[in-house]
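Shown next: target26.cif, containing mmCIF, C-alpha atoms.
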```cif
data_data
loop_
_atom_site.label_atom_id
_atom_site.label_comp_id
_atom_site.auth_asym_id
_atom_site.auth_seq_id
_atom_site.Cartn_x
_atom_site.Cartn_y
_atom_site.Cartn_z
CA MET A 55 74.32 -3.74 -13.41
CA THR A 56 74.74 -0.94 -10.91
CA ILE A 57 75.94 2.52 -11.87
CA ALA A 58 79.17 2.14 -9.91
CA LEU A 59 80.19 -0.75 -12.15
CA GLN A 60 79.77 1.20 -15.38
CA PRO A 61 83.14 1.35 -17.07
CA ASN A 62 84.79 4.73 -17.41
CA ILE A 63 85.55 4.92 -21.13
CA GLN A 64 86.10 8.14 -23.08
CA GLU A 65 83.61 8.47 -25.93
CA HIS A 66 86.19 9.05 -28.68
CA LEU A 67 88.04 5.80 -27.89
CA LEU A 68 85.01 3.55 -28.33
CA ALA A 69 85.35 3.08 -32.10
CA THR A 70 88.92 1.80 -31.85
CA LEU A 71 88.17 -0.38 -28.83
CA ALA A 72 85.32 -1.95 -30.79
CA LEU A 73 87.87 -3.20 -33.34
CA VAL A 74 89.45 -5.51 -30.79
CA SER A 75 87.69 -8.79 -30.24
CA ASP A 76 88.09 -11.76 -27.94
CA PRO A 77 90.49 -14.20 -29.64
CA GLU A 78 88.43 -17.17 -28.44
CA ILE A 79 85.01 -15.74 -29.29
CA PRO A 80 85.77 -13.47 -32.25
CA VAL A 81 82.18 -12.21 -32.59
CA LEU A 82 82.50 -10.45 -29.23
CA THR A 83 84.41 -7.21 -28.97
CA VAL A 84 86.18 -6.34 -25.75
CA LEU A 85 83.38 -3.84 -25.14
CA ASP A 86 80.67 -6.52 -25.54
CA LEU A 87 82.56 -8.69 -23.09
CA GLY A 88 82.83 -5.91 -20.49
CA VAL A 89 86.51 -6.48 -19.78
CA ILE A 90 87.53 -2.86 -20.43
CA ARG A 91 86.90 -1.07 -17.15
CA GLU A 92 88.57 2.21 -17.99
CA ALA A 93 90.05 3.87 -21.07
CA ILE A 94 91.39 7.41 -20.82
CA GLU A 95 93.64 9.28 -23.21
CA GLU A 96 96.18 11.76 -21.91
CA ASN A 97 98.96 13.33 -24.00
CA GLY A 98 98.72 10.73 -26.74
CA VAL A 99 98.81 7.80 -24.30
CA VAL A 100 95.72 5.66 -23.88
CA ARG A 101 95.58 4.15 -20.43
CA ILE A 102 93.40 1.07 -20.32
CA LYS A 103 92.30 -0.92 -17.32
CA LEU A 104 91.55 -4.47 -18.31
CA THR A 105 89.99 -7.13 -16.09
CA PRO A 106 90.33 -10.86 -16.77
CA THR A 107 87.31 -13.13 -17.11
CA TYR A 108 89.18 -15.94 -15.33
CA SER A 109 92.55 -15.56 -13.53
CA GLY A 110 94.47 -17.70 -15.97
CA CYS A 111 92.67 -16.65 -19.13
CA PRO A 112 95.38 -16.64 -21.81
CA ALA A 113 93.24 -14.37 -24.00
CA MET A 114 94.17 -11.42 -21.78
CA ASP A 115 97.75 -11.20 -23.05
CA VAL A 116 96.50 -11.37 -26.64
CA ILE A 117 93.86 -8.72 -25.98
CA GLY A 118 96.54 -6.45 -24.50
CA ASP A 119 98.69 -6.85 -27.62
CA ASP A 120 95.70 -6.31 -29.92
CA LEU A 121 94.75 -3.10 -28.10
CA THR A 122 98.30 -1.81 -28.47
CA ALA A 123 98.27 -2.64 -32.18
CA ALA A 124 94.85 -1.07 -32.78
CA PHE A 125 95.82 2.26 -31.24
CA ALA A 126 99.29 2.20 -32.81
CA LYS A 127 97.58 2.64 -36.19
CA GLU A 128 96.37 6.02 -34.92
CA GLY A 129 99.81 6.87 -33.61
CA LYS A 130 98.76 6.41 -30.01
CA LYS A 131 100.59 4.55 -27.31
CA VAL A 132 98.77 2.20 -24.98
CA GLU A 133 99.41 1.33 -21.37
CA VAL A 134 97.41 -1.67 -20.23
CA GLU A 135 96.92 -2.34 -16.57
CA LEU A 136 95.36 -5.60 -15.44
CA ILE A 137 92.96 -5.08 -12.56
CA LEU A 138 91.23 -7.74 -10.48
CA SER A 139 88.76 -5.75 -8.46
CA PRO A 140 85.83 -5.70 -8.82
CA ALA A 141 85.96 -9.21 -10.24
CA TRP A 142 84.47 -9.68 -13.69
CA SER A 143 80.95 -11.07 -13.92
CA THR A 144 78.95 -12.49 -16.81
CA ASP A 145 76.45 -9.71 -16.01
CA TRP A 146 78.87 -7.35 -17.70
CA ILE A 147 78.44 -8.94 -21.12
CA SER A 148 76.24 -6.57 -23.16
CA GLU A 149 72.81 -7.67 -24.40
CA ASP A 150 74.08 -7.17 -27.92
CA GLY A 151 77.02 -9.41 -27.05
CA LEU A 152 74.73 -12.14 -25.70
CA VAL A 153 72.74 -12.16 -28.95
CA LYS A 154 75.93 -12.37 -31.03
CA MET A 155 77.21 -15.15 -28.78
CA GLU A 156 74.07 -17.22 -29.35
CA GLU A 157 74.19 -16.68 -33.10
CA TYR A 158 77.80 -17.86 -32.96
CA GLY A 159 76.68 -21.12 -31.32
CA ILE A 160 77.43 -20.55 -27.65
CA ALA A 161 74.53 -20.75 -25.20
CA ARG A 162 74.25 -17.62 -23.07
CA PRO A 163 74.82 -17.73 -19.28
CA LEU A 164 71.71 -18.38 -17.20
CA SER A 165 70.96 -16.65 -13.92
CA GLU A 166 73.03 -17.77 -10.94
CA THR A 167 70.43 -20.16 -9.48
CA ALA A 168 69.43 -21.57 -12.87
CA ASP A 169 73.10 -22.05 -13.72
CA LYS A 170 73.65 -24.13 -10.60
CA GLU A 171 70.60 -26.30 -11.35
CA ALA A 172 71.78 -26.80 -14.92
CA LEU A 173 75.39 -27.65 -14.04
CA LEU A 174 74.33 -30.03 -11.30
CA GLY A 175 72.08 -31.74 -13.82
CA ASN A 176 68.95 -31.14 -11.74
CA LYS A 177 67.01 -29.30 -14.42
CA LYS A 178 67.17 -28.98 -18.15
CA LEU A 179 67.46 -25.25 -18.65
CA VAL A 180 70.25 -24.58 -21.12
CA LYS A 181 68.86 -23.85 -24.56
CA CYS A 182 70.54 -25.40 -27.59
CA PRO A 183 71.82 -22.52 -29.76
CA GLN A 184 71.25 -24.64 -32.89
CA CYS A 185 67.62 -25.77 -32.56
CA GLY A 186 66.36 -23.94 -29.47
CA SER A 187 65.45 -27.09 -27.54
CA THR A 188 66.01 -27.16 -23.80
CA GLN A 189 66.30 -30.96 -23.89
CA THR A 190 70.05 -30.73 -23.36
CA HIS A 191 72.54 -32.32 -20.99
CA MET A 192 75.96 -31.41 -19.71
CA VAL A 193 78.82 -33.45 -21.15
CA SER A 194 81.57 -31.74 -19.19
CA GLN A 195 81.59 -29.02 -16.57
CA PHE A 196 84.76 -27.67 -18.15
CA GLY A 197 84.77 -26.89 -21.85
CA SER A 198 87.11 -25.61 -24.54
CA THR A 199 88.01 -22.54 -22.47
CA ALA A 200 87.88 -21.72 -18.75
CA CYS A 201 84.63 -19.77 -19.16
CA LYS A 202 82.59 -22.50 -20.84
CA ALA A 203 81.01 -25.90 -20.13
CA LEU A 204 80.31 -28.49 -22.80
CA PHE A 205 76.70 -29.48 -23.50
CA GLN A 206 74.89 -31.67 -25.98
CA CYS A 207 71.37 -31.30 -27.35
CA ASP A 208 69.17 -34.40 -26.95
CA ASP A 209 66.94 -33.31 -29.83
CA CYS A 210 69.31 -32.28 -32.62
CA GLN A 211 72.28 -34.14 -31.05
CA GLU A 212 74.65 -31.21 -31.66
CA PRO A 213 77.33 -30.59 -29.04
CA PHE A 214 77.70 -26.95 -28.02
CA ASP A 215 79.42 -24.64 -25.55
CA TYR A 216 77.58 -23.05 -22.67
CA PHE A 217 79.03 -19.84 -21.21
CA LYS A 218 79.07 -20.46 -17.46
CA CYS A 219 77.48 -17.90 -15.16
CA LEU A 220 80.12 -16.11 -13.10
CA LYS A 221 79.11 -13.78 -10.30
CA MET B 82 110.36 -4.56 1.59
CA ASN B 83 107.88 -6.16 3.96
CA GLU B 84 109.51 -9.61 4.27
CA ASP B 85 106.64 -11.13 6.18
CA LEU B 86 104.06 -10.09 3.61
CA TYR B 87 106.32 -11.27 0.78
CA ASN B 88 106.82 -14.69 2.37
CA TYR B 89 103.16 -14.90 3.22
CA ILE B 90 102.14 -14.34 -0.40
CA LEU B 91 104.62 -16.95 -1.61
CA GLY B 92 103.26 -19.43 0.90
CA ILE B 93 99.76 -19.07 -0.52
CA ALA B 94 100.85 -18.98 -4.14
CA ASP B 95 103.18 -21.99 -3.98
CA ASN B 96 100.21 -24.25 -3.23
CA SER B 97 98.48 -23.09 -6.41
CA LEU B 98 101.67 -23.22 -8.47
CA ILE B 99 102.65 -26.74 -7.50
CA LEU B 100 99.14 -28.17 -7.76
CA GLY B 101 98.75 -26.40 -11.10
CA GLN B 102 101.98 -28.01 -12.28
CA ARG B 103 100.84 -31.46 -11.13
CA LEU B 104 97.56 -31.11 -13.02
CA GLY B 105 99.39 -29.72 -16.02
CA GLU B 106 101.41 -32.95 -16.20
CA LEU B 107 98.15 -34.69 -17.10
CA CYS B 108 97.51 -32.53 -20.14
CA GLY B 109 96.84 -34.99 -22.95
CA HIS B 110 97.02 -37.94 -20.54
CA GLY B 111 93.66 -37.73 -18.77
CA PRO B 112 91.55 -40.90 -18.61
CA SER B 113 88.91 -39.33 -20.85
CA LEU B 114 88.67 -36.20 -22.93
CA GLU B 115 86.35 -34.47 -20.46
CA THR B 116 88.47 -35.16 -17.39
CA ASP B 117 91.58 -34.19 -19.33
CA ILE B 118 90.08 -30.82 -20.24
CA ALA B 119 88.75 -30.32 -16.71
CA GLY B 120 92.16 -31.02 -15.19
CA THR B 121 93.91 -28.55 -17.45
CA ASN B 122 91.17 -25.94 -16.92
CA ILE B 123 91.67 -26.21 -13.17
CA SER B 124 95.42 -26.06 -13.69
CA LEU B 125 94.98 -22.89 -15.74
CA ASP B 126 92.91 -21.24 -13.00
CA LEU B 127 95.53 -22.15 -10.40
CA ILE B 128 98.44 -20.91 -12.48
CA GLY B 129 96.47 -17.73 -13.21
CA GLN B 130 95.98 -17.14 -9.49
CA THR B 131 99.68 -17.84 -8.95
CA ARG B 132 100.57 -15.17 -11.49
CA SER B 133 98.46 -12.59 -9.67
CA TYR B 134 100.16 -13.44 -6.37
CA PHE B 135 103.68 -13.48 -7.82
CA GLN B 136 103.18 -10.24 -9.75
CA TYR B 137 102.18 -8.62 -6.49
CA ALA B 138 105.13 -10.17 -4.64
CA ALA B 139 107.55 -9.02 -7.35
CA LYS B 140 106.18 -5.49 -7.05
CA LEU B 141 106.65 -5.58 -3.28
CA ALA B 142 110.22 -6.82 -3.68
CA GLY B 143 110.94 -3.58 -5.53
CA ASP B 144 114.05 -4.88 -7.32
CA ASP B 145 114.21 -6.28 -10.85
CA ARG B 146 112.65 -9.58 -9.79
CA THR B 147 109.76 -10.79 -11.97
CA GLU B 148 106.93 -13.26 -11.45
CA ASP B 149 108.93 -15.77 -13.53
CA ASP B 150 112.01 -15.46 -11.32
CA ILE B 151 109.89 -16.28 -8.30
CA ALA B 152 108.22 -19.22 -10.00
CA PHE B 153 111.24 -20.76 -11.70
CA LEU B 154 114.43 -19.73 -9.96
CA ARG B 155 114.07 -20.72 -6.35
CA LEU B 156 115.66 -23.74 -4.70
CA GLU B 157 113.53 -26.58 -3.42
CA LYS B 158 113.82 -25.45 0.20
CA GLN B 159 112.51 -22.01 -0.72
CA TYR B 160 109.14 -23.33 -1.87
CA THR B 161 106.68 -23.40 0.99
CA ASN B 162 103.71 -25.30 -0.43
CA VAL B 163 102.06 -28.01 1.65
CA LEU B 164 103.13 -31.60 1.05
CA LEU B 165 99.65 -32.54 -0.15
CA VAL B 166 99.82 -30.65 -3.43
CA GLU B 167 103.18 -32.09 -4.53
CA GLN B 168 102.03 -35.72 -4.24
CA PRO B 169 102.20 -37.52 -7.59
CA ASN B 170 99.40 -38.41 -10.01
CA THR B 171 99.50 -42.07 -8.90
CA HIS B 172 96.14 -42.83 -10.53
CA PHE B 173 92.96 -40.91 -11.23
CA GLY B 174 91.63 -41.61 -7.74
CA TYR B 175 94.71 -39.93 -6.25
CA VAL B 176 94.33 -36.97 -8.57
CA MET B 177 90.72 -36.43 -7.47
CA ALA B 178 91.37 -37.15 -3.78
CA ARG B 179 94.31 -34.72 -3.70
CA GLN B 180 92.19 -32.16 -5.52
CA TYR B 181 89.19 -32.48 -3.25
CA LEU B 182 91.24 -32.46 -0.04
CA PHE B 183 92.88 -29.26 -1.24
CA ASP B 184 89.79 -27.62 -2.79
CA VAL B 185 87.80 -27.73 0.45
CA PHE B 186 90.65 -26.02 2.26
CA HIS B 187 91.30 -23.61 -0.61
CA LEU B 188 87.72 -22.34 -0.72
CA LEU B 189 87.50 -21.91 3.06
CA PHE B 190 90.82 -20.09 2.98
CA LEU B 191 89.91 -17.70 0.15
CA LYS B 192 86.58 -16.89 1.78
CA GLU B 193 88.55 -15.63 4.78
CA LEU B 194 91.24 -13.94 2.70
CA GLN B 195 88.68 -11.81 0.87
CA GLY B 196 88.27 -9.91 4.15
CA SER B 197 91.99 -9.15 4.29
CA LYS B 198 93.09 -5.59 5.03
CA ASP B 199 95.43 -5.94 2.06
CA GLU B 200 93.38 -4.84 -0.94
CA THR B 201 95.32 -6.79 -3.54
CA LEU B 202 95.09 -10.06 -1.63
CA ALA B 203 91.38 -9.46 -1.04
CA ALA B 204 90.86 -8.88 -4.78
CA ILE B 205 92.77 -12.02 -5.79
CA ALA B 206 90.75 -14.00 -3.24
CA LYS B 207 87.40 -12.70 -4.51
CA LYS B 208 88.33 -13.64 -8.04
CA GLY B 209 89.62 -17.04 -6.93
CA ILE B 210 86.49 -17.95 -4.97
CA LYS B 211 84.44 -18.04 -8.15
CA GLU B 212 86.91 -20.39 -9.79
CA VAL B 213 87.62 -22.66 -6.84
CA SER B 214 83.87 -23.22 -6.28
CA TYR B 215 83.84 -24.94 -9.65
CA HIS B 216 86.95 -26.97 -8.79
CA LYS B 217 85.43 -28.26 -5.58
CA ARG B 218 82.18 -29.18 -7.26
CA PHE B 219 84.09 -31.16 -9.87
CA SER B 220 86.41 -33.03 -7.51
CA GLY B 221 83.64 -33.63 -4.97
CA ASP B 222 81.40 -35.10 -7.68
CA TRP B 223 84.16 -37.50 -8.66
CA ILE B 224 84.78 -38.64 -5.08
CA LYS B 225 81.06 -39.50 -4.87
CA ARG B 226 81.02 -41.17 -8.26
CA LEU B 227 84.08 -43.30 -7.56
CA GLY B 228 83.14 -44.07 -3.95
CA ASP B 229 79.60 -45.06 -4.83
CA GLY B 230 80.63 -46.69 -8.10
CA THR B 231 82.03 -50.16 -8.66
CA GLU B 232 83.81 -52.32 -6.12
CA GLU B 233 87.11 -51.48 -7.78
CA SER B 234 86.56 -47.71 -7.98
CA HIS B 235 85.41 -47.72 -4.35
CA ALA B 236 88.53 -49.55 -3.21
CA LYS B 237 90.83 -47.31 -5.22
CA ILE B 238 89.40 -44.00 -4.07
CA GLN B 239 89.34 -45.21 -0.47
CA GLU B 240 93.01 -46.13 -0.78
CA ALA B 241 93.82 -42.69 -2.19
CA ILE B 242 91.94 -40.91 0.61
CA ASP B 243 93.64 -43.08 3.23
CA ASP B 244 97.10 -42.45 1.79
CA LEU B 245 96.69 -38.71 1.34
CA TRP B 246 94.99 -38.18 4.71
CA THR B 247 98.36 -37.89 6.44
CA TYR B 248 99.01 -34.61 4.59
CA THR B 249 95.78 -32.86 5.57
CA ASP B 250 96.73 -31.62 9.02
CA GLU B 251 99.60 -29.52 7.68
CA LEU B 252 97.08 -27.28 5.92
CA PHE B 253 96.26 -25.81 9.32
CA ASP B 254 99.83 -25.16 10.51
CA SER B 255 100.74 -21.54 11.04
CA THR B 256 104.16 -20.32 9.85
CA ALA B 257 106.05 -17.36 11.30
CA ALA B 258 104.88 -15.14 8.43
CA ASP B 259 101.30 -16.41 8.92
CA ALA B 260 101.29 -15.35 12.55
CA VAL B 261 102.57 -11.84 11.84
CA MET B 262 100.15 -11.35 8.94
CA THR B 263 97.18 -12.66 10.90
CA ALA B 264 97.95 -10.30 13.77
CA GLN B 265 97.89 -7.40 11.29
CA GLY B 266 94.53 -8.41 9.85
CA ILE B 267 96.11 -9.27 6.50
CA GLY B 268 96.47 -13.01 6.84
CA VAL B 269 94.09 -15.81 7.68
CA ASP B 270 94.27 -17.81 10.90
CA VAL B 271 94.16 -21.23 9.23
CA SER B 272 93.90 -23.14 12.52
CA LYS B 273 90.34 -21.81 12.81
CA LEU B 274 89.32 -23.50 9.57
CA LYS B 275 90.20 -26.98 10.79
CA ASP B 276 86.91 -28.11 12.34
CA THR B 277 84.80 -26.87 9.43
CA TYR B 278 87.19 -28.58 7.02
CA TYR B 279 87.09 -32.03 8.60
CA LYS B 280 83.33 -31.82 9.05
CA GLU B 281 82.75 -30.96 5.40
CA VAL B 282 85.15 -33.62 4.13
CA SER B 283 83.77 -36.40 6.30
CA ASP B 284 80.19 -35.49 5.34
CA LEU B 285 81.04 -35.87 1.68
CA LEU B 286 82.98 -39.09 2.28
CA GLU B 287 79.95 -40.51 4.05
CA GLU B 288 77.74 -39.56 1.11
CA ALA B 289 80.29 -41.28 -1.15
CA THR B 290 79.98 -44.45 1.02
CA LEU B 291 83.62 -44.00 2.05
CA ALA B 292 85.17 -44.19 5.49
CA THR B 293 86.81 -41.14 7.03
CA PRO B 294 90.33 -42.23 8.03
CA GLU B 295 90.90 -42.39 11.75
CA SER B 296 94.67 -42.19 11.68
CA LYS B 297 96.08 -39.44 13.86
CA TYR B 298 99.54 -39.68 12.36
CA PHE B 299 100.20 -36.66 10.18
CA THR B 300 103.13 -35.75 7.96
CA ARG B 301 104.25 -32.14 7.68
CA GLY B 302 107.18 -30.08 6.49
CA GLY B 303 106.36 -28.46 3.15
CA LYS B 304 105.42 -25.15 4.72
CA LYS B 305 108.91 -25.00 6.23
CA GLY B 306 110.58 -26.01 2.98
CA THR B 307 111.16 -29.65 3.87
CA HIS B 308 109.58 -31.50 0.99
CA SER B 309 108.90 -35.08 0.01
CA GLU B 310 111.12 -36.78 -2.54
CA HIS B 311 108.56 -36.08 -5.28
CA MET B 312 109.21 -32.34 -5.13
CA GLY B 313 112.68 -32.51 -6.69
CA TYR B 314 111.38 -34.35 -9.73
CA LEU B 315 108.50 -31.94 -10.07
CA LEU B 316 110.81 -28.93 -9.92
CA SER B 317 113.24 -30.36 -12.43
CA ASP B 318 110.35 -30.43 -14.91
CA LEU B 319 108.99 -27.04 -13.87
CA GLN B 320 112.34 -25.26 -13.96
CA TYR B 321 113.90 -27.07 -16.90
CA MET B 322 113.62 -24.29 -19.49
CA GLN B 323 114.82 -21.46 -17.26
CA ARG B 324 117.70 -23.52 -15.89
CA THR B 325 118.79 -24.68 -19.33
CA TYR B 326 118.27 -21.42 -21.19
CA PRO B 327 118.43 -18.68 -18.55
CA ASN B 328 116.15 -15.71 -19.24
CA MET B 329 114.61 -17.32 -22.29
CA ASN B 330 111.28 -15.91 -23.41
CA TRP B 331 108.41 -17.29 -25.46
#
```

Write-out of the structure in structure tokens:
Amino acid sequence: MTIALQPNIQEHLLATLALVSDPEIPVLTVLDLGVIREAIEENGVVRIKLTPTYSGCPAMDVIGDDLTAAFAKEGKKVEVELILSPAWSTDWISEDGLVKMEEYGIARPLSETADKEALLGNKKLVKCPQCGSTQTHMVSQFGSTACKALFQCDDCQEPFDYFKCLK
Amino acid sequence: MNEDLYNYILGIADNSLILGQRLGELCGHGPSLETDIAGTNISLDLIGQTRSYFQYAAKLAGDDRTEDDIAFLRLEKQYTNVLLVEQPNTHFGYVMARQYLFDVFHLLFLKELQGSKDETLAAIAKKGIKEVSYHKRFSGDWIKRLGDGTEESHAKIQEAIDDLWTYTDELFDSTAADAVMTAQGIGVDVSKLKDTYYKEVSDLLEEATLATPESKYFTRGGKKGTHSEHMGYLLSDLQYMQRTYPNMNW
């Protein structure tokens, strides 16, 4: 991650932002996910710039509502603006977030080249979040949400989600 | 309001909207769970892109128009999508052929649009490229699998490609708004994408053991608002709620 892509979030807003999680992956907060690009409070109004993971991601509307509700408890108003540039990347998910994601049962995104090899079925690289084996295969390039592909482990036989690399 | 820019945006977005609607029709009706989910995922991406375009267009319009008004309350002749995307889900081969023939164009188009002088369009394009790369990989894989599959799958996908081929040339037609926008460095000169498109498609068809159609007869009209009969049926589904219960909200 380059410095220019660091989100501009005021320190005192972090605690409240951390209360809002992704409705599809509840172990990840919006901060872990890296979708909050800016959060600045001025005269009791918190202005938040939110970027979608995928264009049609329905979680964005829910996240907007949840942010409004979270700050309303502190008597603050929220203005959410959806921004598209720069486009979200899986690189923006925090390391802490990646660990939580794996514990939750979703395999973390691989690097761009490894991701391509894995999704094309050329190499077995995606690690099963249940047993740790890399003897896995892709069941479907599209999974339960836009950001995931469906995999199955050849060792423990468990199906699992793989968070696709997006750059 | 900048009419040309407004119309230009709608021209791009209508392709995504109508193809998204077509794929959405398959929700719960796909031939297998995986293809069903894939189809709706692609539909979701396309509708998401449409929303970004329409939100921008509504802002440009500067009146009380919303993205929903643009999507749901126009007349058939006011939609300017290409004929290809409105063609029905005849069978799975048609769904994949239509998808692939559009995806190849869509990706080439967005790669050019990301260099647009219009920052919003460039941002939507950059976002879309990441999504459409996945779409093309999926549809292209299926063309290969069906073409190089059984005798029956080969025959069916060849038939779909042959039938839909007539709609490909329209992708490269330039409308009045296109010409103005291209001259200003905002739009994409689609005619320049044509050679790359046909080369890429025929290479994949060859890999899929399929023949590239030789027909030089092409059907066009969607970009000018003259649609095929299928469009009316599609719109009656798409617009049903807003026409029946005007201004209803979820």

Next item on the list: Compute the chain B side of the contact with chain A at 12 Å, counting all atoms listed in the file, and hand it back as a ChimeraX atom specification.
Entry: /B:97-98,101,113-134,136-137,195,200-223

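When the PyMOL selection byres ((chain A and resi 75) around 10) is evaluated on the file shown here, the picked residues come out as A:Leu71, A:Ala72, A:Leu73, A:Val74, A:Asp76, A:Pro77, A:Glu78, A:Ile79, A:Pro80, A:Val81, A:Leu82, A:Thr83, A:Val84, A:Leu85, A:Asp86, A:Leu87, A:Val116, A:Ile117, A:Asp120, A:Leu121.
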
Check: Hey, which of A:Leu67, A:Pro61, A:Pro183, A:Gln211 ends up closest to Ala124 (chain A)? Count all atoms listed in the file.
Finding: A:Leu67

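Going from CA of Met312 (chain B) over to CA of Gln159 (chain B), you cover 11.7 Å.
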
Item checked: the PyMOL selection byres ((chain B and resi 259-262) around 10) applied to the shown file, residues as a ChimeraX atom specification -> /B:85-86,88-90,92-93,197-199,254-258,263-271

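Every protein, DNA or RNA residue with an atom at most 12 Å from Asp276 (chain B), where only C-alpha atoms count and chain neighbours fewer than 2 positions away do not, is listed here: B:Val185, B:Phe186, B:Leu189, B:Asp250, B:Phe253, B:Val271, B:Ser272, B:Lys273, B:Leu274, B:Tyr278, B:Tyr279, B:Lys280, B:Glu281, B:Val282, B:Ser283.
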
Check: If the PyMOL selection byres ((chain A and resi 64) around 10) is run on the structure shown, which residues does it catch, given as an MDAnalysis selection string?
Finding: chainID A and resid 61:63 65:68 92:95 100

Need the neighbours of (111.1, -32.7, -5.6): which residues are at most 12 Å away, counting only C-alpha atoms, as a compact mmCIF listing (two decimals) with C-alpha atoms, in the coordinates of the input?
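Listed below is the output, selection-v4.txt:
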```txt
# COMPACT_ATOMS: atom_id res chain seq x y z
CA ILE B 99 102.65 -26.74 -7.50
CA ARG B 103 100.84 -31.46 -11.13
CA LEU B 156 115.66 -23.74 -4.70
CA GLU B 157 113.53 -26.58 -3.42
CA LYS B 158 113.82 -25.45 0.20
CA GLN B 159 112.51 -22.01 -0.72
CA TYR B 160 109.14 -23.33 -1.87
CA ASN B 162 103.71 -25.30 -0.43
CA LEU B 164 103.13 -31.60 1.05
CA VAL B 166 99.82 -30.65 -3.43
CA GLU B 167 103.18 -32.09 -4.53
CA GLN B 168 102.03 -35.72 -4.24
CA PRO B 169 102.20 -37.52 -7.59
CA GLY B 303 106.36 -28.46 3.15
CA GLY B 306 110.58 -26.01 2.98
CA THR B 307 111.16 -29.65 3.87
CA HIS B 308 109.58 -31.50 0.99
CA SER B 309 108.90 -35.08 0.01
CA GLU B 310 111.12 -36.78 -2.54
CA HIS B 311 108.56 -36.08 -5.28
CA MET B 312 109.21 -32.34 -5.13
CA GLY B 313 112.68 -32.51 -6.69
CA TYR B 314 111.38 -34.35 -9.73
CA LEU B 315 108.50 -31.94 -10.07
CA LEU B 316 110.81 -28.93 -9.92
CA SER B 317 113.24 -30.36 -12.43
CA ASP B 318 110.35 -30.43 -14.91
CA LEU B 319 108.99 -27.04 -13.87
CA GLN B 320 112.34 -25.26 -13.96
```

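Going from CA of Glu295 (chain B) over to CA of Asp184 (chain B), you cover 20.8 Å.
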
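Pairwise distance (CA of Ile151 (chain B), CA of Ala139 (chain B)) equals 7.7 Å.
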